[in-house]
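A.B. asks: Sharing a structure, written as structure tokens. Questions coming.
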Amino acid sequence: MWGSIISEWASLLLRWLHVVSAIAWIGSSFYFIALDLSLRPRSNLPDGVQGEAWQVHGGGFYRIMKYLVAPNQMPDELTWFKWEAYTTWLSGFALMVVVYYLEADLFLVDKSILDLTPFQAGLFSFCSLALAWLLYEAACRSGLAQRELPFAVGGYLFLVALTYAFTHVLSGRGAFNQIAAIIGTVMVANVFALIIPNQKKIVASLIAGQAPDPKLGKASKERSVHNNYLTLPVVVLMISNHYPLLYATRFNWIIVAIVLALGPVIRHFFNERHAGRKSPWWVWGVAAAGVVAILFLSAAGPREMKTAALSTQPTLAAVEDIVMSRCSMCHAAEPVWAGIVTAPKGILLDAPEHIHRNIRLIGRVAAWSSAMPPGNITEMTSQERAVLAAYLERAHLARHASRLHLAE
């Protein structure tokens with residue numbers, strides 16, 4: 001009991017810290033990119049100043065100037081923006097350990113996809129996290145990142161290929177979290193391994209009375225732009241664990257591919273506006289088309305479910321038997337599954353009336369997607385999912401016919 005309680009509270013506190021620090025990091029990142037793009041050159045600015053911007057907030061006016069490399073001498077006070085990024089990653093990785101590594105049999109492994117042990121799944125996750133970042137870092141340091149469009153297309157295809165691989169090794173939920181963790185690691189590593197070290201080198205040059213190397217600031221800005229365009233996709237992927245129709249359906253990797261494309265496209269719209277250029281309104285047409293595509297893809301259902309193969313019409317009794325045998329050991333007033341002391345999310349499925357009350361939710365997580373049982377730990381078959389889906393479809397048609405009859 002106490003192990004379950006501690007795990008639940010650790011998950012809550014780490015998630016809270018992760019979300020708060022991510023808000024701080026994303027907020028400052030978006031602000032400084034917008035500020036950079038809004039800077040305007042003036043004739044009366046000090047030497048070395050790229051431009052200035054006037055802003056109003058909180059009842060006052062702000063005049064902000066940016067030195068292209070650094071001022072002539074070190075200022076008395078200097079604010080660093082780094083701990084927001086570090087705290088986001090540290091809390092996120094700790095949360096990943098608590099939720100996905102310590103409970104890998106539920107959330108990282110799906111034996112219907114690949115029969116891994118929790119240790120194997122955790123090792124695969126950690127090693128792929130490190131390897132993906134090393135490949136990105138090598139590509140950047142080789143000079144490939146200076147060719148922006150080819151680098152962006154190559155990076156996109158690399159992430160899509162990783163997603164396809166992950167969805168064929170890990171559970172759908174685990175795969176989505178893994179690709180999000182890789183993107184988040186790349187973003188934080190940009191801050192930790194390059195942006196902050198370069199800024200420290202510039203500060204050291206100022207203190208020594210030397211002229212800072214302009215290449216340091218240029219390289220830092222390049223990585224900052226990468227982070228800017230990666231932010232929206234990683235946020236969607238991080239919250240996707242609440243939406244089984246995204247991660248636990250047949251074409252989940254294609255859904256990720258669309259999300260990875262839409263995020264940068266939407267950021268492009270705001271970056272163009274912040275730069276004072278013509279707003280690319282076409283972005284919202286592309287975004288709407290992408291969302292519609294995701295909607296239809298999410299309706300494809302889980303892998304290998306064929307309702308046409310059913311030989312008999314499904315009955316409520318058959319549905320109750322499936323749910324009682326595959327779900328009620330956890331979703332009960334007194335769960336019998338080891339480590340679970342209360343029904344997850346307070347949902348009871350241990351009696352016909354409870355099943356009937358939650359029938360649409362059951363459809364969402366176990367018929368139209370394969371999110372439940374988590375990791376398919378009770379080995380629900382594709383035939384059983386087909387029975388659930390067919391029964392729900394028949395029940396829906398019956399309700400529709402009843403409404404038409406009443407309308408007449």
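Labels used: A, B, ... for chains in the order of the structure tokens, numbers from 1 for residues in each chain, and numbers from 1 for ligands as shown.
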I'd like the neighbourhood of Ile113 in chain A as a PyMOL selection string, where a residue qualifies if any of its atoms comes within 9 Å (using only C-alpha atoms), though same-chain residues fewer than 4 positions away should be ignored.
C.D. replies: chain A and resi 109+167-171
A.B. asks: Okay, now the selection with N, CA, C and O atoms, as an mmCIF file, in the first residue's frame?
C.D. replies:
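part-v7.cif written:
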data_model
loop_
_atom_site.group_PDB
_atom_site.id
_atom_site.type_symbol
_atom_site.label_atom_id
_atom_site.label_comp_id
_atom_site.auth_asym_id
_atom_site.auth_seq_id
_atom_site.Cartn_x
_atom_site.Cartn_y
_atom_site.Cartn_z
ATOM 1 N N VAL A 109 5.847 -1.179 -21.884
ATOM 2 C CA VAL A 109 5.831 -2.441 -22.617
ATOM 3 C C VAL A 109 4.413 -2.776 -23.063
ATOM 4 O O VAL A 109 3.458 -2.565 -22.324
ATOM 5 N N THR A 167 7.110 2.817 -32.102
ATOM 6 C CA THR A 167 5.758 2.247 -32.046
ATOM 7 C C THR A 167 5.752 0.761 -32.382
ATOM 8 O O THR A 167 4.725 0.102 -32.205
ATOM 9 N N HIS A 168 6.872 0.233 -32.847
ATOM 10 C CA HIS A 168 6.978 -1.197 -33.122
ATOM 11 C C HIS A 168 7.868 -1.913 -32.106
ATOM 12 O O HIS A 168 8.192 -3.089 -32.271
ATOM 13 N N VAL A 169 8.255 -1.177 -31.074
ATOM 14 C CA VAL A 169 9.044 -1.770 -29.988
ATOM 15 C C VAL A 169 8.358 -1.562 -28.642
ATOM 16 O O VAL A 169 8.234 -2.492 -27.840
ATOM 17 N N LEU A 170 7.893 -0.342 -28.401
ATOM 18 C CA LEU A 170 7.277 0.022 -27.128
ATOM 19 C C LEU A 170 5.762 0.113 -27.275
ATOM 20 O O LEU A 170 5.218 0.033 -28.382
ATOM 21 N N SER A 171 5.089 0.304 -26.151
ATOM 22 C CA SER A 171 3.648 0.581 -26.205
ATOM 23 C C SER A 171 3.430 1.916 -26.899
ATOM 24 O O SER A 171 4.351 2.743 -26.996
#
A.B. asks: Tell me, as a count of residues only, which residues lie within 9 Å of range 193-202 of chain A, counting only C-alpha atoms; anything in the same chain fewer than 2 positions away does not count.
C.D. replies: 24
A.B. asks: Taking the chain letters and numbering used in this document, name the residues of range 32-93 of chain A that DSSP puts in strand (DSSP E), as a list of chain:residue names.
C.D. replies: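 Here is the list: A:Val49, A:Gln50, A:Gly51, A:Glu52, A:Ala53, A:Trp54, A:Gln55, A:Val56, A:His57, A:Gly60, A:Phe61, A:Tyr62, A:Arg63, A:Ile64, A:Met65, A:Lys66, A:Tyr67.
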A.B. asks: From a DSSP pass on the backbone, collect the residues of range 34-176 of chain A flagged as alpha helix (DSSP H) and hand them back as JSON, numbers by chain.
C.D. replies: {"A": [34, 35, 36, 37, 38, 83, 84, 85, 86, 87, 88, 89, 90, 91, 92, 93, 94, 95, 96, 104, 105, 106, 107, 118, 119, 120, 121, 122, 123, 124, 125, 126, 127, 128, 129, 130, 131, 132, 133, 134, 135, 136, 137, 138, 139, 140, 141, 148, 149, 150, 151, 152, 153, 154, 155, 156, 157, 158, 159, 160, 161, 162, 163, 164, 165, 166, 172, 173, 174, 175, 176]}
A.B. asks: Kindly give the distance, in Å, that separates CA of Val186 in chain A and CA of Asp105 in chain A, rounded to a single decimal.
C.D. replies: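 These two atoms are separated by 26.7 Å.
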A.B. asks: Counting only C-alpha atoms, which residues of range 171-288 of chain A sit at most 7 Å from some atom of range 352-369 of chain A, and what is each one's closest atom pair with its distance in Å to one decimal, listed by chain and rising residue number, as a tab-separated table?
C.D. replies:
residue	atom	partner	partner_atom	distance
A:Pro244	CA	A:Val365	CA	6.1
A:Leu245	CA	A:Ser369	CA	5.7
A:Ala248	CA	A:Ser369	CA	5.1
A:Thr249	CA	A:Ser369	CA	5.0
A.B. asks: Pick out the residues sitting within 10 Å of Ala208 in chain A, and hand them over as a VMD selection string; count only C-alpha atoms, and ignore anything fewer than 5 positions along from it in its own chain.
C.D. replies: chain A and resid 73 to 74 202 to 203
A.B. asks: Contacts of Ala332 in chain A at 6 Å or less, counting only C-alpha atoms, minus same-chain residues fewer than 4 places along, as a list in words?
C.D. replies: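 Result of the neighbour search: Ser328, Ala343, Leu348 and Asp350 of chain A.
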A.B. asks: Where does range 171-290 of chain A meet range 90-95 of chain A within 12 Å, residue by residue, with the nearest atom pair and distance in Å to one decimal for each, counting only C-alpha atoms, listed by chain and rising number, as a Markdown table?
C.D. replies:
| residue | atom | partner | partner_atom | distance |
| --- | --- | --- | --- | --- |
| A:Asn177 | CA | A:Gly92 | CA | 10.6 |
| A:Gln178 | CA | A:Phe93 | CA | 10.8 |
| A:Ala180 | CA | A:Gly92 | CA | 10.5 |
| A:Ala181 | CA | A:Phe93 | CA | 8.0 |
| A:Ile182 | CA | A:Phe93 | CA | 10.7 |
| A:Gly184 | CA | A:Gly92 | CA | 8.9 |
| A:Thr185 | CA | A:Phe93 | CA | 9.2 |
| A:Val188 | CA | A:Leu90 | CA | 9.7 |
| A:Ala189 | CA | A:Leu90 | CA | 11.6 |
| A:Met238 | CA | A:Gly92 | CA | 9.9 |
A.B. asks: Restricting the calculation to only C-alpha atoms: of A:Arg273, A:Trp282, A:Val160, A:Thr315, which residue gets closest to Ala261 in chain A?
C.D. replies: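 Using only C-alpha atoms, Ala261 in chain A sits closest to A:Val160.
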A.B. asks: From the list A:Ile322, A:Val292, A:Ile239, A:Val225, which residue is nearest His268 in chain A when using only C-alpha atoms?
C.D. replies: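 So, comparing all the options, the nearest one is A:Val225.
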A.B. asks: Here is a test: counting only C-alpha atoms, which residue of A:Gly27, A:Gly339, A:Pro374, A:Gly51 is nearest to Ala85 in chain A?
C.D. replies: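 Going through A:Gly27, A:Gly339, A:Pro374, A:Gly51 one by one, the smallest distance to Ala85 in chain A is for A:Gly27.
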A.B. asks: Just the residues within 8 Å of Arg63 in chain A, please, counting only C-alpha atoms, with nothing from its chain fewer than 5 positions along; format it as a list in words.
C.D. replies: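 Answer for this query is Glu52, Ala53, Trp54 and Gln55 of chain A.
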A.B. asks: Save out the residues we just selected, N, CA and C atoms, as a PDB file, in the first residue's frame.
C.D. replies:
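The new file part14.pdb reads:
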ATOM      1  N   GLU A  52      16.638  48.040 -31.018  1.00  0.00           N
ATOM      2  CA  GLU A  52      15.917  48.246 -29.772  1.00  0.00           C
ATOM      3  C   GLU A  52      14.436  47.969 -29.986  1.00  0.00           C
ATOM      4  N   ALA A  53      13.743  47.782 -28.880  1.00  0.00           N
ATOM      5  CA  ALA A  53      12.297  47.580 -28.919  1.00  0.00           C
ATOM      6  C   ALA A  53      11.675  48.275 -27.718  1.00  0.00           C
ATOM      7  N   TRP A  54      10.560  48.907 -27.941  1.00  0.00           N
ATOM      8  CA  TRP A  54       9.785  49.521 -26.853  1.00  0.00           C
ATOM      9  C   TRP A  54       8.591  48.621 -26.564  1.00  0.00           C
ATOM     10  N   GLN A  55       8.378  48.343 -25.284  1.00  0.00           N
ATOM     11  CA  GLN A  55       7.277  47.479 -24.876  1.00  0.00           C
ATOM     12  C   GLN A  55       6.590  48.069 -23.653  1.00  0.00           C
TER      13      GLN A  55
END
A.B. asks: Counting only C-alpha atoms, figure out which residue out of A:Leu260, A:Val234, A:Ala152, A:Ala371 gets nearest to Arg303 in chain A.
C.D. replies: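 Among the listed residues, A:Ala371 lies closest to Arg303 in chain A.
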A.B. asks: CA of Thr231 in chain A and CA of Trp25 in chain A are how many Å apart?
C.D. replies: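 These two atoms are separated by 10.2 Å.
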A.B. asks: Using only C-alpha atoms for the distances, tell me which of A:Ser4, A:Asn228, A:Arg173, A:Ala338 is nearest to His242 in chain A.
C.D. replies: A:Arg173
A.B. asks: Looking at A:Ser29, A:Gln313, A:Thr378, A:Asn44, which one is nearest to Cys330 in chain A, with distances taken over only C-alpha atoms?
C.D. replies: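 Using only C-alpha atoms, the shortest distance to Cys330 in chain A belongs to A:Thr378.
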A.B. asks: In Å, rounded to a single decimal, give me how far CA of Pro302 in chain A is from CA of Ile377 in chain A.
C.D. replies: 15.8 Å
